[in-house]
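Q: Data: structure.cif, mmCIF, C-alpha atoms.
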```cif
data_my_file
#
loop_
_atom_site.group_PDB
_atom_site.id
_atom_site.type_symbol
_atom_site.label_atom_id
_atom_site.label_comp_id
_atom_site.auth_asym_id
_atom_site.auth_seq_id
_atom_site.Cartn_x
_atom_site.Cartn_y
_atom_site.Cartn_z
ATOM 1 C CA MET V 1 -0.710 9.978 13.151
ATOM 2 C CA PRO V 2 1.221 7.379 15.175
ATOM 3 C CA LEU V 3 4.995 7.539 15.615
ATOM 4 C CA ARG V 4 7.031 4.679 14.152
ATOM 5 C CA SER V 5 8.102 3.618 17.675
ATOM 6 C CA GLN V 6 4.429 3.213 18.615
ATOM 7 C CA ILE V 7 3.846 0.583 15.923
ATOM 8 C CA LYS V 8 4.583 -2.784 17.503
ATOM 9 C CA THR V 9 4.492 -5.294 14.682
ATOM 10 C CA ASN V 10 4.676 -8.136 17.227
ATOM 11 C CA ASP V 11 1.219 -7.062 18.395
ATOM 12 C CA LEU V 12 -0.180 -7.541 14.879
ATOM 13 C CA PRO V 13 0.711 -11.139 13.966
ATOM 14 C CA ASP V 14 -2.540 -11.855 12.149
ATOM 15 C CA LEU V 15 -2.074 -8.778 9.951
ATOM 16 C CA MET V 16 1.687 -9.072 9.260
ATOM 17 C CA ARG V 17 1.167 -11.386 6.287
ATOM 18 C CA GLY V 18 -0.745 -8.652 4.414
ATOM 19 C CA MET V 19 1.199 -5.659 5.717
ATOM 20 C CA MET V 20 3.629 -3.423 3.875
ATOM 21 C CA LEU V 21 5.689 -0.523 5.128
ATOM 22 C CA LEU V 22 6.674 2.133 2.579
ATOM 23 C CA GLU V 23 9.135 4.990 2.933
ATOM 24 C CA ALA V 24 7.554 8.060 1.360
ATOM 25 C CA GLN V 25 10.786 9.709 0.187
ATOM 26 C CA ALA V 26 9.301 11.942 -2.536
ATOM 27 C CA PRO V 27 6.221 11.969 -4.789
ATOM 28 C CA ASP V 28 8.019 9.611 -7.173
ATOM 29 C CA SER V 29 9.696 7.400 -4.569
ATOM 30 C CA PHE V 30 7.794 5.017 -2.280
ATOM 31 C CA ILE V 31 10.282 2.345 -1.221
ATOM 32 C CA PHE V 32 9.130 -0.947 0.328
ATOM 33 C CA ARG V 33 10.881 -1.469 3.673
ATOM 34 C CA PHE V 34 8.694 -4.408 4.623
ATOM 35 C CA SER V 35 6.434 -6.585 2.529
ATOM 36 C CA GLY V 36 4.442 -9.406 4.128
ATOM 37 C CA SER V 37 4.395 -12.919 2.723
ATOM 38 C CA LEU V 38 0.915 -12.440 1.227
ATOM 39 C CA TYR V 39 2.441 -10.243 -1.494
ATOM 40 C CA GLN V 40 4.884 -12.986 -2.461
ATOM 41 C CA ASP V 41 2.004 -15.468 -2.517
ATOM 42 C CA ILE V 42 0.038 -13.170 -4.835
ATOM 43 C CA TYR V 43 2.751 -11.726 -7.065
ATOM 44 C CA GLY V 44 5.513 -14.328 -6.864
ATOM 45 C CA PHE V 45 8.326 -11.943 -5.843
ATOM 46 C CA ASP V 46 9.512 -9.936 -2.836
ATOM 47 C CA PHE V 47 8.760 -6.194 -2.980
ATOM 48 C CA THR V 48 11.366 -5.224 -0.346
ATOM 49 C CA GLY V 49 13.645 -2.446 -1.614
ATOM 50 C CA MET V 50 11.522 -1.746 -4.707
ATOM 51 C CA ASN V 51 9.853 1.558 -5.601
ATOM 52 C CA TYR V 52 6.085 1.004 -5.581
ATOM 53 C CA LEU V 53 5.670 3.185 -8.659
ATOM 54 C CA GLU V 54 8.036 1.030 -10.721
ATOM 55 C CA ILE V 55 5.690 -1.933 -10.294
ATOM 56 C CA THR V 56 2.600 0.180 -11.020
ATOM 57 C CA ASP V 57 1.128 0.208 -14.525
ATOM 58 C CA ILE V 58 2.414 3.336 -16.228
ATOM 59 C CA SER V 59 -1.129 4.542 -16.999
ATOM 60 C CA VAL V 60 -1.930 4.968 -13.268
ATOM 61 C CA ARG V 61 1.490 5.797 -11.771
ATOM 62 C CA GLY V 62 0.708 9.499 -11.495
ATOM 63 C CA LEU V 63 -2.571 8.941 -9.702
ATOM 64 C CA ARG V 64 -1.094 6.323 -7.339
ATOM 65 C CA SER V 65 1.746 8.739 -6.565
ATOM 66 C CA ARG V 66 -0.662 11.606 -5.802
ATOM 67 C CA ARG V 67 -2.854 9.367 -3.637
ATOM 68 C CA LEU V 68 0.084 8.087 -1.584
ATOM 69 C CA TRP V 69 1.868 11.433 -1.287
ATOM 70 C CA SER V 70 -1.385 13.031 -0.109
ATOM 71 C CA LEU V 71 -1.485 10.571 2.804
ATOM 72 C CA VAL V 72 1.738 11.999 4.228
ATOM 73 C CA GLU V 73 1.479 15.578 2.990
ATOM 74 C CA GLN V 74 -1.838 16.060 4.797
ATOM 75 C CA PRO V 75 -1.964 13.163 7.256
ATOM 76 C CA ALA V 76 -4.994 11.044 6.473
ATOM 77 C CA GLY V 77 -5.927 7.409 6.262
ATOM 78 C CA ALA V 78 -7.357 5.661 3.224
ATOM 79 C CA VAL V 79 -9.487 2.607 2.624
ATOM 80 C CA TRP V 80 -9.479 0.920 -0.774
ATOM 81 C CA THR V 81 -10.282 -2.164 -2.796
ATOM 82 C CA THR V 82 -8.845 -3.564 -6.009
ATOM 83 C CA PRO V 83 -10.683 -4.996 -8.984
ATOM 84 C CA SER V 84 -11.146 -8.763 -8.908
ATOM 85 C CA VAL V 85 -8.036 -10.684 -9.888
ATOM 86 C CA GLU V 86 -8.872 -14.212 -11.021
ATOM 87 C CA GLY V 87 -12.042 -13.942 -8.923
ATOM 88 C CA GLN V 88 -10.214 -12.611 -5.850
ATOM 89 C CA ASP V 89 -11.072 -9.276 -4.241
ATOM 90 C CA PHE V 90 -8.828 -7.334 -1.841
ATOM 91 C CA VAL V 91 -9.686 -4.738 0.791
ATOM 92 C CA GLY V 92 -6.978 -2.535 2.264
ATOM 93 C CA VAL V 93 -6.241 0.382 4.534
ATOM 94 C CA SER V 94 -3.349 2.844 4.430
ATOM 95 C CA VAL V 95 -2.171 5.094 7.262
ATOM 96 C CA PRO V 96 0.801 7.453 7.535
ATOM 97 C CA ILE V 97 3.364 6.878 10.255
ATOM 98 C CA ALA V 98 5.274 9.832 11.692
ATOM 99 C CA PRO V 99 9.029 9.402 12.128
ATOM 100 C CA ASP V 100 10.478 9.304 15.638
ATOM 101 C CA GLU V 101 13.198 11.753 14.580
ATOM 102 C CA PRO V 102 12.047 15.055 13.003
ATOM 103 C CA ASP V 103 14.228 14.902 9.861
ATOM 104 C CA THR V 104 13.505 11.252 9.068
ATOM 105 C CA VAL V 105 11.490 10.199 6.051
ATOM 106 C CA LEU V 106 7.761 9.605 6.549
ATOM 107 C CA LYS V 107 6.345 6.115 6.182
ATOM 108 C CA ILE V 108 3.045 4.653 5.079
ATOM 109 C CA MET V 109 1.732 1.404 6.494
ATOM 110 C CA GLN V 110 -0.704 -0.520 4.330
ATOM 111 C CA VAL V 111 -2.581 -3.640 5.288
ATOM 112 C CA VAL V 112 -4.408 -5.706 2.691
ATOM 113 C CA VAL V 113 -6.823 -8.527 3.388
ATOM 114 C CA PRO V 114 -7.917 -10.968 0.682
ATOM 115 C CA VAL V 115 -11.595 -11.804 0.644
ATOM 116 C CA LEU V 116 -10.864 -15.383 -0.507
ATOM 117 C CA GLY V 117 -7.791 -17.632 -0.670
ATOM 118 C CA VAL V 118 -4.900 -16.650 -2.932
ATOM 119 C CA GLN V 119 -3.752 -20.070 -4.111
ATOM 120 C CA GLY V 120 -2.602 -20.004 -7.704
ATOM 121 C CA LEU V 121 -2.538 -16.216 -8.152
ATOM 122 C CA ALA V 122 1.268 -15.937 -8.409
ATOM 123 C CA ALA V 123 1.394 -18.756 -10.985
ATOM 124 C CA GLU V 124 -1.375 -17.123 -13.036
ATOM 125 C CA ARG V 125 0.432 -13.762 -12.988
ATOM 126 C CA LYS V 126 3.639 -15.440 -14.097
ATOM 127 C CA ARG V 127 1.788 -17.224 -16.916
ATOM 128 C CA ARG V 128 0.362 -13.867 -18.073
ATOM 129 C CA ARG V 129 3.745 -12.150 -17.571
ATOM 130 C CA GLN V 130 2.064 -9.558 -15.367
ATOM 131 C CA SER V 131 4.623 -7.383 -13.622
ATOM 132 C CA HIS V 132 2.450 -4.604 -12.185
ATOM 133 C CA VAL V 133 0.511 -4.399 -8.938
ATOM 134 C CA GLU V 134 -3.260 -3.919 -9.216
ATOM 135 C CA PHE V 135 -4.535 -0.374 -8.822
ATOM 136 C CA SER V 136 -7.362 0.574 -6.460
ATOM 137 C CA ASP V 137 -10.624 1.100 -8.282
ATOM 138 C CA GLN V 138 -12.358 2.152 -5.043
ATOM 139 C CA PHE V 139 -10.369 4.600 -2.897
ATOM 140 C CA ARG V 140 -11.527 6.923 -0.098
ATOM 141 C CA TYR V 141 -9.606 9.108 2.330
ATOM 142 C CA ILE V 142 -10.369 8.975 6.044
ATOM 143 C CA ASP V 143 -9.971 12.082 8.214
ATOM 144 C CA ILE V 144 -7.712 11.179 11.160
ATOM 145 C CA GLY V 145 -7.818 14.672 12.647
ATOM 146 C CA ALA V 146 -6.043 16.816 10.037
ATOM 147 C CA GLY V 147 -8.759 16.965 7.392
ATOM 148 C CA LYS V 148 -8.850 15.075 4.095
ATOM 149 C CA PRO V 149 -6.668 15.456 1.001
ATOM 150 C CA ASP V 150 -8.056 16.403 -2.410
ATOM 151 C CA SER V 151 -11.257 14.373 -2.910
ATOM 152 C CA ALA V 152 -10.683 14.477 -6.681
ATOM 153 C CA LEU V 153 -8.083 11.727 -6.089
ATOM 154 C CA GLU V 154 -10.771 9.436 -4.692
ATOM 155 C CA ALA V 155 -12.620 6.895 -6.805
#
```
Produce structure tokens that represent the structure in this file.

A:
Amino acid sequence: MPLRSQIKTNDLPDLMRGMMLLEAQAPDSFIFRFSGSLYQDIYGFDFTGMNYLEITDISVRGLRSRRLWSLVEQPAGAVWTTPSVEGQDFVGVSVPIAPDEPDTVLKIMQVVVPVLGVQGLAAERKRRRQSHVEFSDQFRYIDIGAGKPDSALEA
């Protein structure tokens, strides 16, 4: 698991648009500390400062929480996709980031890549009054040297 100081966002300019950095404070608190412009293009609002679970459909909040908390509790990566949204598919990867200071909160870095363009998605969400973020229908953990979390959380 990389340390936060080892992540040089300036070295990742092509990925920054689809990147998010979450503070994993507790199983019910995943706070956005950075949200790339792709998320605003897709959802029409800035995620920064929000709790990821509060913009997750209530029916899948528990599972999203367990999936994310497992990434930091037993350091692992994850690769995932979301169901098509207006014909658009997304592929993403999540990795935990260790704090530089021992008593600092853990972070999760996620990078999402759209398969096609995202023009019009934010307007369509607004028209439908959609306020939640899509949930991964395909989700797999990746062993990064510490084993894999509970495979029952995978889909």

Q: Convert the output of the PyMOL selection byres ((chain V and resi 54-62) around 8) on the shown file into explicit residues, formatted as an NGL selection string.

A: :V and (50-53 or 63-66 or 131-135)

Q: Report the distance between CA of Lys8 in chain V and CA of Gly147 in chain V in Å, rounded to one decimal place.

A: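 Distance between the two atoms: 25.9 Å.
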
Q: Point out the residue among V:Ile7, V:Val112, V:Ala78, V:Met20 with the least atom-to-atom distance to Ala98 in chain V, counting all atoms listed in the file.

A: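 Among V:Ile7, V:Val112, V:Ala78, V:Met20, it is V:Ile7 that comes nearest to Ala98 in chain V.
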
Q: Nearest to Gly145 in chain V: which of V:Phe32, V:Asn10, V:Ala76, V:Ile42 is it, counting all atoms listed in the file?

A: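 Among the listed residues, V:Ala76 lies closest to Gly145 in chain V.
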
Q: In Å, with one decimal, what is the gap from CA of Val113 in chain V to CA of Thr81 in chain V?

A: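 Between these atoms lies a distance of 9.5 Å.
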
Q: Taking into account all atoms listed in the file, which residue in the set V:Lys107, V:Lys126, V:Arg33, V:Arg67 is nearest to Leu153 in chain V?

A: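 Nearest to Leu153 in chain V: V:Arg67.
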
Q: Determine, counting all atoms listed in the file, which protein, DNA and RNA residues have an atom within 7 Å of an atom of Tyr43 in chain V; residues of the same chain fewer than 3 positions away are not included. Present the result as an MDAnalysis selection string.

A: chainID V and resid 39:40 122 125

Q: Between CA of Pro83 in chain V and CA of Ser35 in chain V, what is the distance in Å, rounded to a tenth?

A: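 Distance between the two atoms: 20.7 Å.
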
Q: Determine the nearest neighbour of Asp143 in chain V from the options V:Leu22, V:Leu38, V:Ala155, V:Leu71, counting only C-alpha atoms.

A: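 The closest residue to Asp143 in chain V is V:Leu71.
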
Q: Which residue, V:Pro99, V:Gly77, V:Gly44, V:Gly120, has the smallest gap to Ile142 in chain V when you use all atoms listed in the file?

A: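 Selected residue with least distance to Ile142 in chain V: V:Gly77.
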
Q: Take the point (-9.7, -4.6, -2.2) as written in the file and pick out every residue within 9 Å of it, counting all atoms listed in the file; give the list as a PyMOL selection string.

A: chain V and resi 79-84+88-92+112-115+136-138

Q: Written as an MDAnalysis selection string, which residues does the PyMOL selection byres ((chain V and resi 110) around 7) give for the file shown?

A: chainID V and resid 19:21 92:95 108:109 111:112

Q: Measuring atom to atom with all atoms listed in the file, identify which of V:Glu154, V:Ile97, V:Leu121, V:Ser37 is nearest to Leu15 in chain V.

A: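 Checking each candidate against Leu15 in chain V, we get V:Ser37 as the closest.
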
Q: Using the chain letters and numbers from the file, which residues does the PyMOL selection byres ((chain V and resi 24) around 9) grab, as a ChimeraX atom specification?

A: /V:22-23,25-31,68-69,72,105-108
